[in-house]
file run_12.tsv (TSV, C-alpha atoms)
chain	number	residue	atom	x	y	z
A	147	MET	CA	95.09	84.64	80.39
A	148	ALA	CA	95.64	87.84	78.45
A	149	LYS	CA	96.51	91.30	79.58
A	150	ALA	CA	93.62	93.71	79.27
A	151	ASP	CA	93.79	96.66	76.91
A	152	ASN	CA	93.64	99.20	79.74
A	153	PRO	CA	95.08	102.54	78.58
A	154	ALA	CA	98.67	102.97	79.72
A	155	PHE	CA	99.80	105.86	81.89
A	156	GLU	CA	101.94	108.40	80.08
A	157	GLN	CA	104.36	110.32	82.24
A	158	GLY	CA	103.97	113.36	80.02
A	159	GLN	CA	100.35	113.71	81.07
A	160	SER	CA	101.18	115.18	84.48
A	161	ARG	CA	100.06	118.76	84.97
A	162	ARG	CA	102.27	119.14	88.02
A	163	THR	CA	104.32	122.29	88.30
A	164	SER	CA	105.72	123.39	91.63
A	165	LEU	CA	103.59	122.18	94.52
A	166	PRO	CA	102.53	124.43	97.37
A	167	PRO	CA	104.15	123.64	100.74
A	168	SER	CA	100.81	124.09	102.49
A	169	VAL	CA	97.15	123.82	101.45
A	170	PRO	CA	93.83	124.01	103.30
A	171	LEU	CA	92.71	120.79	101.57
A	172	LEU	CA	94.65	117.85	100.16
A	173	ILE	CA	92.74	115.28	98.10
A	174	VAL	CA	94.44	111.92	97.62
A	175	GLY	CA	93.21	110.13	94.50
A	176	GLY	CA	92.00	111.33	91.12
A	177	GLY	CA	89.30	108.79	90.35
A	178	ILE	CA	85.59	109.56	90.23
A	179	MET	CA	85.43	110.23	94.00
A	180	GLY	CA	88.46	112.49	94.22
A	181	LEU	CA	87.53	114.41	91.08
A	182	TRP	CA	84.04	115.16	92.36
A	183	ALA	CA	85.51	116.22	95.71
A	184	ALA	CA	87.83	118.63	93.87
A	185	VAL	CA	84.94	120.03	91.81
A	186	LYS	CA	82.92	120.61	94.98
A	187	ALA	CA	85.95	122.21	96.68
A	188	GLU	CA	86.39	124.55	93.71
A	189	ARG	CA	82.76	125.61	93.91
A	190	LEU	CA	83.17	126.29	97.64
A	191	GLY	CA	86.31	128.32	96.99
A	192	ILE	CA	88.59	126.02	99.03
A	193	ASP	CA	92.23	126.10	97.92
A	194	THR	CA	92.98	122.46	97.16
A	195	LEU	CA	95.74	120.19	95.91
A	196	LEU	CA	94.64	116.93	94.28
A	197	VAL	CA	97.39	114.31	93.95
A	198	GLU	CA	97.00	111.18	91.83
A	199	ALA	CA	99.59	108.38	91.84
A	200	ASP	CA	98.96	107.51	88.19
A	201	ARG	CA	96.75	109.56	85.87
A	202	LEU	CA	93.26	110.94	86.46
A	203	GLY	CA	90.77	108.11	86.13
A	204	GLY	CA	93.54	105.57	85.64
A	205	GLY	CA	92.13	103.01	88.08
A	206	ALA	CA	88.68	101.48	88.32
A	207	SER	CA	87.09	104.80	87.32
A	208	GLY	CA	88.56	104.40	83.83
A	209	GLY	CA	86.48	101.32	83.09
A	210	LEU	CA	83.84	100.68	80.45
A	211	LEU	CA	80.37	100.16	81.92
A	212	GLY	CA	78.91	103.33	83.45
A	213	ALA	CA	75.55	101.77	84.36
A	214	LEU	CA	73.64	103.91	86.87
A	215	MET	CA	71.35	101.40	88.52
A	216	PRO	CA	68.84	102.11	91.31
A	217	HIS	CA	68.27	99.84	94.25
A	218	MET	CA	65.14	97.71	94.17
A	219	PRO	CA	62.13	99.84	95.11
A	220	ASP	CA	60.98	97.59	97.96
A	221	ARG	CA	61.79	97.83	101.70
A	222	TRP	CA	62.53	101.53	101.38
A	223	SER	CA	65.26	102.92	103.62
A	224	ASP	CA	67.42	106.01	104.13
A	225	LYS	CA	70.13	104.32	102.04
A	226	LYS	CA	67.78	103.73	99.12
A	227	GLN	CA	66.43	107.27	99.38
A	228	PHE	CA	69.98	108.66	99.36
A	229	GLN	CA	70.82	106.73	96.22
A	230	PHE	CA	67.53	107.68	94.56
A	231	ASP	CA	68.09	111.38	95.25
A	232	ALA	CA	71.67	111.11	93.99
A	233	LEU	CA	70.63	109.48	90.71
A	234	ILE	CA	68.04	112.20	90.11
A	235	ALA	CA	70.43	115.05	90.98
A	236	LEU	CA	73.24	113.66	88.81
A	237	GLU	CA	71.38	114.61	85.63
A	238	GLU	CA	71.44	118.30	86.53
A	239	GLU	CA	75.02	118.12	87.81
A	240	ILE	CA	76.18	116.72	84.47
A	241	GLU	CA	74.19	119.25	82.47
A	242	ARG	CA	75.90	122.05	84.41
A	243	LEU	CA	79.38	120.63	83.83
A	244	GLU	CA	78.68	120.05	80.14
A	245	ALA	CA	77.56	123.68	79.77
A	246	GLU	CA	80.70	124.88	81.57
A	247	THR	CA	83.15	122.76	79.57
A	248	GLY	CA	81.51	122.11	76.20
A	249	LEU	CA	82.12	118.38	76.61
A	250	SER	CA	79.71	115.47	76.91
A	251	ALA	CA	79.62	112.79	79.61
A	252	GLY	CA	77.65	110.40	77.41
A	253	TYR	CA	74.78	110.51	79.91
A	254	ARG	CA	71.30	109.23	79.07
A	255	ARG	CA	68.36	108.11	81.18
A	256	CYS	CA	67.87	105.11	78.96
A	257	GLY	CA	66.01	102.83	81.37
A	258	ARG	CA	66.74	99.20	82.07
A	259	ILE	CA	65.38	95.85	80.92
A	260	ILE	CA	65.54	92.92	83.33
A	261	PRO	CA	64.55	89.52	81.90
A	262	LEU	CA	62.59	87.28	84.28
A	263	PRO	CA	63.75	83.73	83.55
A	264	ARG	CA	61.68	82.00	86.27
A	265	PRO	CA	57.95	82.25	87.14
A	266	HIS	CA	58.52	83.13	90.81
A	267	LEU	CA	60.50	86.20	89.70
A	268	ARG	CA	57.38	87.55	87.98
A	269	THR	CA	55.52	87.59	91.30
A	270	ILE	CA	58.37	89.47	92.96
A	271	ALA	CA	58.62	91.91	90.06
A	272	GLU	CA	54.91	92.70	90.20
A	273	ARG	CA	55.26	93.51	93.88
A	274	HIS	CA	58.17	95.80	93.05
A	275	GLU	CA	55.99	97.49	90.44
A	276	ARG	CA	53.68	98.66	93.23
A	277	ASP	CA	56.67	99.60	95.43
A	278	ALA	CA	58.10	101.83	92.70
A	279	GLU	CA	54.81	103.71	92.34
A	280	GLU	CA	55.08	104.60	96.01
A	281	ASN	CA	58.82	105.20	96.41
A	282	TRP	CA	60.23	106.38	93.07
A	283	ARG	CA	58.93	109.94	93.34
A	284	SER	CA	60.85	113.21	93.10
A	285	GLY	CA	58.58	116.25	93.26
A	286	GLU	CA	56.29	115.99	90.28
A	287	ARG	CA	58.49	113.39	88.59
A	288	ARG	CA	57.52	109.73	88.70
A	289	PHE	CA	59.66	106.74	87.73
A	290	HIS	CA	58.24	103.32	87.04
A	291	TRP	CA	58.97	99.59	87.24
A	292	HIS	CA	56.83	98.13	84.49
A	293	VAL	CA	56.27	94.39	84.22
A	294	GLY	CA	55.28	92.94	80.84
A	295	ASP	CA	55.33	89.82	78.73
A	296	ARG	CA	57.82	91.13	76.18
A	297	PRO	CA	60.81	93.50	76.15
A	298	SER	CA	59.88	97.19	76.15
A	299	VAL	CA	61.63	97.73	72.79
A	300	ALA	CA	61.69	95.44	69.79
A	301	GLY	CA	64.80	94.01	68.18
A	302	TRP	CA	67.05	94.34	71.21
A	303	VAL	CA	66.58	91.65	73.88
A	304	GLU	CA	65.79	88.08	72.89
A	305	ASP	CA	62.20	87.17	73.84
A	306	ALA	CA	63.35	83.77	75.10
A	307	ALA	CA	65.54	85.43	77.76
A	308	GLY	CA	62.43	86.21	79.79
A	309	GLU	CA	60.40	83.04	80.17
A	310	ALA	CA	58.24	84.76	82.80
A	311	GLY	CA	58.36	88.23	81.26
A	312	PHE	CA	60.44	91.39	81.52
A	313	VAL	CA	60.85	94.41	83.74
A	314	PHE	CA	61.44	97.85	82.29
A	315	ASP	CA	62.43	100.51	84.80
A	316	THR	CA	62.43	104.15	83.76
A	317	LEU	CA	64.84	105.36	86.46
A	318	ALA	CA	68.06	103.65	85.32
A	319	ALA	CA	70.60	105.62	83.29
A	320	ARG	CA	74.15	105.35	82.04
A	321	VAL	CA	77.21	107.47	81.48
A	322	SER	CA	80.49	106.93	79.66
A	323	PRO	CA	83.04	106.49	82.48
A	324	ARG	CA	85.96	107.91	80.51
A	325	ALA	CA	83.92	110.78	79.12
A	326	MET	CA	82.78	111.58	82.66
A	327	ILE	CA	86.38	111.58	83.88
A	328	ALA	CA	87.36	113.85	80.98
A	329	LEU	CA	84.47	116.20	81.80
A	330	LEU	CA	85.47	116.55	85.45
A	331	SER	CA	89.14	116.89	84.51
A	332	ALA	CA	88.35	119.63	82.00
A	333	PHE	CA	86.45	121.58	84.64
A	334	LEU	CA	89.41	121.33	87.02
A	335	HIS	CA	91.85	122.33	84.30
A	336	LYS	CA	90.26	125.79	84.42
A	337	ALA	CA	89.80	125.85	88.20
A	338	ARG	CA	91.04	128.82	90.22
A	339	HIS	CA	91.26	127.06	93.58
A	340	VAL	CA	92.31	123.50	92.66
A	341	GLN	CA	95.74	122.34	91.51
A	342	VAL	CA	96.16	118.82	90.10
A	343	ALA	CA	99.35	116.75	90.33
A	344	GLU	CA	99.38	113.45	88.41
A	345	GLY	CA	102.08	110.80	88.78
A	346	CYS	CA	102.41	111.83	92.43
A	347	ARG	CA	101.90	109.18	95.13
A	348	VAL	CA	101.46	109.73	98.86
A	349	VAL	CA	104.32	107.89	100.56
A	350	SER	CA	103.30	108.67	104.13
A	351	LEU	CA	100.41	110.48	105.76
A	352	ASP	CA	100.26	111.94	109.26
A	353	ALA	CA	96.69	113.17	109.37
A	354	ASP	CA	96.76	114.37	112.97
A	355	ALA	CA	99.84	116.50	112.33
A	356	GLY	CA	98.52	117.53	108.90
A	357	ARG	CA	101.54	116.37	106.88
A	358	ALA	CA	101.96	114.23	103.77
A	359	VAL	CA	105.14	113.13	102.04
A	360	LEU	CA	104.85	112.57	98.29
A	361	SER	CA	106.82	110.35	95.91
A	362	SER	CA	108.14	113.53	94.32
A	363	GLY	CA	109.95	114.29	97.58
A	364	ASP	CA	107.61	117.17	98.38
A	365	GLU	CA	106.24	117.48	101.90
A	366	ILE	CA	102.79	119.05	102.08
A	367	SER	CA	101.12	120.52	105.13
A	368	PHE	CA	97.33	120.54	105.05
A	369	GLY	CA	94.33	121.59	107.08
A	370	HIS	CA	92.28	118.56	106.00
A	371	VAL	CA	92.90	115.57	103.79
A	372	VAL	CA	90.26	113.67	101.80
A	373	VAL	CA	91.46	110.12	101.14
A	374	ALA	CA	89.80	108.96	97.92
A	375	ASN	CA	92.37	106.72	96.24
A	376	GLY	CA	90.23	103.65	95.66
A	377	HIS	CA	91.21	100.32	97.17
A	378	THR	CA	94.60	101.70	98.26
A	379	SER	CA	92.73	104.10	100.55
A	380	PHE	CA	91.94	101.35	103.05
A	381	PRO	CA	95.47	100.75	104.42
A	382	LEU	CA	96.22	104.47	104.15
A	383	ILE	CA	93.19	105.35	106.30
A	384	ARG	CA	93.89	102.49	108.73
A	385	ASP	CA	97.47	103.59	109.30
A	386	ALA	CA	96.51	107.25	109.58
A	387	LEU	CA	93.96	106.35	112.26
A	388	GLY	CA	96.56	104.34	114.16
A	389	LEU	CA	94.64	101.06	113.88
A	390	GLU	CA	96.44	97.73	114.14
A	391	ALA	CA	97.95	96.36	110.93
A	392	GLY	CA	95.55	93.40	110.89
A	393	VAL	CA	92.45	95.60	110.79
A	394	VAL	CA	90.99	95.46	107.27
A	395	LEU	CA	88.79	98.41	106.34
A	396	GLY	CA	88.13	97.14	102.84
A	397	GLN	CA	89.39	95.13	99.93
A	398	ALA	CA	90.03	95.24	96.22
A	399	VAL	CA	87.51	93.39	94.07
A	400	LYS	CA	88.55	92.58	90.53
A	401	GLY	CA	86.22	93.32	87.66
A	402	GLN	CA	86.48	92.37	83.99
A	403	ALA	CA	84.59	94.00	81.13
A	404	ALA	CA	84.66	94.34	77.35
A	405	LEU	CA	83.67	96.94	74.77
A	406	LEU	CA	82.02	95.86	71.51
A	407	ASP	CA	81.80	97.74	68.22
A	408	ALA	CA	78.10	97.00	67.83
A	409	ALA	CA	76.64	100.03	66.01
A	410	VAL	CA	73.71	99.96	68.41
A	411	ASP	CA	71.08	102.69	68.74
A	412	PRO	CA	72.23	104.61	71.86
A	413	ALA	CA	68.61	104.94	72.98
A	414	MET	CA	68.49	101.22	73.75
A	415	PRO	CA	68.01	100.42	77.46
A	416	VAL	CA	70.66	98.89	79.65
A	417	VAL	CA	70.10	95.16	80.14
A	418	PHE	CA	70.73	93.52	83.51
A	419	LEU	CA	70.49	89.87	84.51
A	420	ASN	CA	72.20	88.06	87.39
A	421	GLY	CA	75.15	90.46	87.62
A	422	LEU	CA	75.59	90.78	83.84
A	423	TYR	CA	75.36	94.32	82.44
A	424	ILE	CA	74.86	95.16	78.77
A	425	VAL	CA	75.32	98.91	78.37
A	426	PRO	CA	74.83	100.74	75.04
A	427	HIS	CA	76.77	104.00	74.71
A	428	GLU	CA	76.28	107.14	72.64
A	429	ASP	CA	78.91	106.18	70.07
A	430	GLY	CA	77.18	102.90	69.20
A	431	THR	CA	79.52	100.74	71.27
A	432	VAL	CA	78.22	98.34	73.90
A	433	ALA	CA	79.97	97.58	77.19
A	434	ILE	CA	79.68	94.10	78.69
A	435	GLY	CA	80.54	93.33	82.31
A	436	SER	CA	81.37	92.72	84.95
A	437	THR	CA	82.90	90.05	87.12
A	438	SER	CA	83.28	90.44	90.89
A	439	GLU	CA	86.35	88.49	91.97
A	440	ASP	CA	87.60	88.50	95.56
A	441	CYS	CA	90.49	86.17	94.69
A	442	PHE	CA	92.74	86.68	91.69
A	443	SER	CA	96.36	86.28	90.66
A	444	ASP	CA	96.68	89.29	88.36
A	445	PRO	CA	94.39	92.31	88.64
A	446	PHE	CA	94.89	93.33	85.03
A	447	ASP	CA	94.45	90.10	83.08
A	448	THR	CA	91.28	88.91	81.40
A	449	ASP	CA	90.31	85.28	81.17
A	450	GLU	CA	87.53	82.78	80.66
A	451	LYS	CA	85.30	84.62	83.16
A	452	LEU	CA	85.04	87.54	80.74
A	453	GLU	CA	84.56	85.21	77.77
A	454	LYS	CA	81.59	83.65	79.58
A	455	LEU	CA	80.07	87.09	80.14
A	456	LEU	CA	80.44	87.82	76.44
A	457	ALA	CA	78.78	84.53	75.52
A	458	ASP	CA	75.91	85.16	77.95
A	459	ALA	CA	75.45	88.68	76.60
A	460	CYS	CA	75.19	87.38	73.03
A	461	THR	CA	72.52	84.90	74.11
A	462	ILE	CA	70.40	87.66	75.63
A	463	VAL	CA	71.10	90.18	72.84
A	464	PRO	CA	71.81	88.08	69.72
A	465	SER	CA	72.72	91.10	67.56
A	466	LEU	CA	75.96	91.38	69.56
A	467	GLY	CA	77.13	87.99	68.29
A	468	ASN	CA	79.12	89.34	65.36
A	469	ALA	CA	80.30	92.56	66.97
A	470	PRO	CA	84.10	92.90	67.15
A	471	VAL	CA	85.65	93.32	70.59
A	472	LEU	CA	87.35	96.72	70.70
A	473	GLU	CA	88.80	96.39	74.18
A	474	ARG	CA	89.08	94.01	77.10
A	475	TRP	CA	89.46	95.67	80.50
A	476	ALA	CA	90.28	94.51	84.02
A	477	GLY	CA	90.80	96.50	87.19
A	478	LEU	CA	90.29	96.71	90.94
A	479	ARG	CA	87.30	98.33	92.61
A	480	PRO	CA	87.18	99.35	96.30
A	481	LYS	CA	84.70	97.52	98.54
A	482	ALA	CA	84.60	98.76	102.14
A	483	VAL	CA	84.26	96.23	104.94
A	484	GLY	CA	80.69	97.34	105.60
A	485	ARG	CA	79.89	97.00	101.86
A	486	ASP	CA	78.43	100.51	101.64
A	487	PRO	CA	80.59	103.52	100.73
A	488	MET	CA	82.83	104.98	103.44
A	489	VAL	CA	82.68	108.74	103.95
A	490	GLY	CA	83.37	111.31	106.64
A	491	ALA	CA	85.70	111.85	109.58
A	492	ILE	CA	86.07	109.92	112.82
A	493	THR	CA	86.13	111.21	116.38
A	494	GLY	CA	89.62	112.19	117.44
A	495	HIS	CA	90.92	112.55	113.86
A	496	PRO	CA	89.05	115.55	112.43
A	497	LYS	CA	91.62	116.33	109.72
A	498	LEU	CA	91.19	112.96	108.00
A	499	VAL	CA	88.12	112.54	105.80
A	500	ALA	CA	87.46	109.24	104.04
A	501	LEU	CA	85.81	109.08	100.62
A	502	SER	CA	86.02	105.52	99.36
A	503	GLY	CA	84.40	102.12	99.07
A	504	GLY	CA	81.95	102.88	96.28
A	505	PHE	CA	82.51	99.49	94.59
A	506	LYS	CA	79.69	99.24	92.00
A	507	VAL	CA	77.80	102.44	92.86
A	508	SER	CA	80.55	105.06	92.65
A	509	PHE	CA	79.46	106.84	89.46
A	510	GLY	CA	75.89	107.25	90.68
A	511	LEU	CA	76.79	108.47	94.19
A	512	ALA	CA	80.18	110.20	93.94
A	513	HIS	CA	78.76	113.73	93.60
A	514	PHE	CA	76.62	113.30	96.75
A	515	LEU	CA	79.42	111.58	98.67
A	516	ALA	CA	81.76	114.41	97.71
A	517	ASP	CA	79.26	116.87	99.19
A	518	ALA	CA	79.30	114.82	102.39
A	519	ALA	CA	83.10	114.76	102.46
A	520	LEU	CA	83.24	118.54	102.07
A	521	GLN	CA	80.68	118.90	104.87
A	522	ALA	CA	83.11	117.02	107.10
A	523	VAL	CA	85.96	119.26	105.93
A	524	CYS	CA	83.87	122.27	106.93
A	525	GLY	CA	83.26	120.81	110.39
A	526	LYS	CA	79.71	119.67	109.76
A	527	GLU	CA	78.14	116.26	110.21
A	528	PRO	CA	77.89	114.59	106.77
A	529	ALA	CA	74.32	114.02	105.61
A	530	VAL	CA	74.66	110.32	104.78
A	531	PRO	CA	73.03	107.08	105.94
A	532	SER	CA	74.57	105.74	109.14
A	533	SER	CA	75.96	102.68	107.34
A	534	PHE	CA	78.12	105.00	105.19
A	535	ARG	CA	79.91	106.60	108.15
A	536	VAL	CA	83.56	105.81	108.76
A	537	GLN	CA	82.92	104.83	112.37
A	538	GLU	CA	80.51	102.11	111.24
A	539	HIS	CA	83.15	100.58	108.99
A	540	VAL	CA	85.88	100.89	111.61
A	541	SER	CA	83.67	99.17	114.20
A	542	ILE	CA	82.99	96.27	111.82
A	543	ALA	CA	86.67	95.95	110.89
A	544	VAL	CA	87.86	96.02	114.50
A	545	ALA	CA	85.24	93.47	115.53
A	546	ASP	CA	86.29	91.17	112.67
A	547	PHE	CA	89.94	91.55	113.69
A	548	ARG	CA	89.21	90.66	117.32
A	549	LYS	CA	87.42	87.46	116.33
A	550	PHE	CA	90.83	86.08	115.46

call {"tool": "encode", "arguments": {"input": "run_12.tsv", "output": "structure tokens"}}
result
Amino acid sequence: MAKADNPAFEQGQSRRTSLPPSVPLLIVGGGIMGLWAAVKAERLGIDTLLVEADRLGGGASGGLLGALMPHMPDRWSDKKQFQFDALIALEEEIERLEAETGLSAGYRRCGRIIPLPRPHLRTIAERHERDAEENWRSGERRFHWHVGDRPSVAGWVEDAAGEAGFVFDTLAARVSPRAMIALLSAFLHKARHVQVAEGCRVVSLDADAGRAVLSSGDEISFGHVVVANGHTSFPLIRDALGLEAGVVLGQAVKGQAALLDAAVDPAMPVVFLNGLYIVPHEDGTVAIGSTSEDCFSDPFDTDEKLEKLLADACTIVPSLGNAPVLERWAGLRPKAVGRDPMVGAITGHPKLVALSGGFKVSFGLAHFLADAALQAVCGKEPAVPSSFRVQEHVSIAVADFRKF
């Protein structure tokens, strides 16, 4: 096993000056969820303190992939509609931030190729083609799930990868995770209502009393707290809600990925097959990932699981075979017990707002989930699917705990 090349935290990066003793809103966690929550708070004019234990985007949000993948277009539901609307709205959200900061998020609606290695998958894909025509609609815009015999672009995906053909969907997109983090951070750097404190961990949280003690020794009083610190949010939320220690609201899932110096045309579509993502970026690099490991000994090592992904990627896209590996990355993503994201407040604890559990969909949904979190802060019912609500996750976790 080898340690991944994850960027190290530099203590000098902290923008923390003196911290206020009291704030209307405290945000815990400076990953993609917490950053979007802070951006939304700034736009609402809510005085906010965002505290991050490490550096902004230093956890799973600082990874390599950035694939923005839609759900399958069949069996349409409120959850799929929520994600669809979020993916469409993200384009405009990013354009606005880029205009405000002068930076780029590396966003492109590049589409996605899915090889169909077995004949029965062609039948399913053709059914999805009809489903997409019905469900992938946003005003006058239409997005498609095309099924064909060959890849939608030449010289990219190996023809042999799709024995039964290929899907090309026009909805999928991608973003550079680190560029997106830098974009959000740059916006907050000029914010009037949001203060950011890096290298500042929450030691204890009493949500009902509205008090947090930080690793800096500061004690902060708050009107509301949004808990958005990735997989470490689960025990923090559990304890703040007064649940028993054995109740598990979520878990850390390890992912491994790599970045190749491939000099690829950035217009190439993302490729997806059986959990393997091949993601071209604007600078010509290609990200390969990712594993989903529930059991692991070291969250930050890379091993033969990543090497297999690289080998599989080179089989599907042969031009990657000679591309040097620029970076190997490993990290922990938050998966809530109910699998869907966890957002909102819970009855009896109105000051505590959860914003976590995005797992693989965080970059595509974080801006919408942040809106929902701020709705809860403002005393409104979050406009999210029922399976996203905190109470749903708590009920599942408590039921699982009582089984034993």

call {"tool": "closest_atom_pairs", "arguments": {"input": "run_12.tsv", "of": "segment 174-243 of chain A", "to": "segment 274-284 of chain A", "cutoff": "8 Å", "atoms": "only C-alpha atoms", "output": "CSV"}}
result
residue,atom,partner,partner_atom,distance
A:Met218,CA,A:His274,CA,7.3
A:Pro219,CA,A:Ala278,CA,5.1
A:Asp220,CA,A:Asp277,CA,5.4
A:Trp222,CA,A:Asn281,CA,7.2
A:Phe230,CA,A:Trp282,CA,7.6
A:Asp231,CA,A:Ser284,CA,7.8
A:Ile234,CA,A:Ser284,CA,7.9

call {"tool": "closest_residue", "arguments": {"input": "run_12.tsv", "among": "A:Ala476, A:Val313, A:Ala500, A:Leu249", "to": "Leu267 of chain A", "atoms": "all atoms listed in the file"}}
result
A:Val313

call {"tool": "residues_around", "arguments": {"input": "run_12.tsv", "residues": "Val507 of chain A", "least_positions_apart": "5", "cutoff": "10 Å", "atoms": "only C-alpha atoms", "output": "list in words"}}
result
Gly212, Ala213, Leu214, Met215, Pro216, His217, Gln229, Asp486, Pro487 and Ala512 of chain A

call {"tool": "residues_near_point", "arguments": {"input": "run_12.tsv", "point": "(82.3, 99.1, 114.0)", "cutoff": "12 Å", "atoms": "only C-alpha atoms", "output": "number ranges by chain"}}
result
A: 393-395, 483-484, 492, 532-548

call {"tool": "atom_distance", "arguments": {"input": "run_12.tsv", "atom1": "atom CA of Gly503 of chain A", "atom2": "atom CA of Asp352 of chain A"}}
result
21.3 Å

call {"tool": "residues_around", "arguments": {"input": "run_12.tsv", "residues": "Thr269 of chain A", "least_positions_apart": "3", "cutoff": "12 Å", "atoms": "only C-alpha atoms", "output": "compact mmCIF listing (two decimals) with C-alpha atoms, in the frame of the given file"}}
result
# COMPACT_ATOMS: atom_id res chain seq x y z
CA LEU A 262 62.59 87.28 84.28
CA PRO A 263 63.75 83.73 83.55
CA ARG A 264 61.68 82.00 86.27
CA PRO A 265 57.95 82.25 87.14
CA HIS A 266 58.52 83.13 90.81
CA GLU A 272 54.91 92.70 90.20
CA ARG A 273 55.26 93.51 93.88
CA HIS A 274 58.17 95.80 93.05
CA GLU A 275 55.99 97.49 90.44
CA ARG A 276 53.68 98.66 93.23
CA VAL A 293 56.27 94.39 84.22
CA GLY A 294 55.28 92.94 80.84
CA ALA A 310 58.24 84.76 82.80
CA GLY A 311 58.36 88.23 81.26
CA PHE A 312 60.44 91.39 81.52
CA VAL A 313 60.85 94.41 83.74

call {"tool": "atom_distance", "arguments": {"input": "run_12.tsv", "atom1": "atom CA of Leu472 of chain A", "atom2": "atom CA of Asp429 of chain A"}}
result
12.7 Å

call {"tool": "atom_distance", "arguments": {"input": "run_12.tsv", "atom1": "atom CA of Val372 of chain A", "atom2": "atom CA of Leu181 of chain A"}}
result
11.1 Å

call {"tool": "closest_residue", "arguments": {"input": "run_12.tsv", "among": "A:Gly392, A:Pro261, A:Gly435, A:Gly363", "to": "Glu473 of chain A", "atoms": "only C-alpha atoms"}}
result
A:Gly435

call {"tool": "closest_residue", "arguments": {"input": "run_12.tsv", "among": "A:Cys524, A:Leu351, A:Tyr423, A:Ile178", "to": "Phe505 of chain A", "atoms": "all atoms listed in the file"}}
result
A:Ile178

call {"tool": "closest_atom_pairs", "arguments": {"input": "run_12.tsv", "of": "segment 178-276 of chain A", "to": "segment 316-327 of chain A", "cutoff": "7 Å", "atoms": "all atoms listed in the file", "output": "CSV"}}
result
residue,atom,partner,partner_atom,distance
A:Ile178,CA,A:Ile327,CA,6.7
A:Gly203,CA,A:Ile327,CA,6.0
A:Ser207,CA,A:Pro323,CA,6.5
A:Gly208,CA,A:Arg324,CA,5.5
A:Gly209,CA,A:Pro323,CA,6.2
A:Leu210,CA,A:Pro323,CA,6.2
A:Leu211,CA,A:Pro323,CA,6.9
A:Gly212,CA,A:Val321,CA,4.9
A:Ala213,CA,A:Arg320,CA,4.5
A:Leu214,CA,A:Ala319,CA,5.0
A:Met215,CA,A:Ala318,CA,5.1
A:Pro216,CA,A:Ala318,CA,6.2
A:Ser250,CA,A:Ala325,CA,6.7
A:Ala251,CA,A:Met326,CA,4.6
A:Gly252,CA,A:Ser322,CA,5.0
A:Tyr253,CA,A:Val321,CA,4.2
A:Arg254,CA,A:Ala319,CA,5.6
A:Arg255,CA,A:Ala319,CA,4.0
A:Cys256,CA,A:Ala319,CA,5.1
A:Gly257,CA,A:Thr316,CA,4.5
A:Arg258,CA,A:Ala318,CA,5.7

call {"tool": "closest_residue", "arguments": {"input": "run_12.tsv", "among": "A:Leu190, A:Ala332, A:Ile260, A:Val340", "to": "Leu243 of chain A", "atoms": "all atoms listed in the file"}}
result
A:Ala332

call {"tool": "closest_residue", "arguments": {"input": "run_12.tsv", "among": "A:Asn468, A:Ser164, A:Gln521, A:Gln397", "to": "Gly504 of chain A", "atoms": "only C-alpha atoms"}}
result
A:Gln397
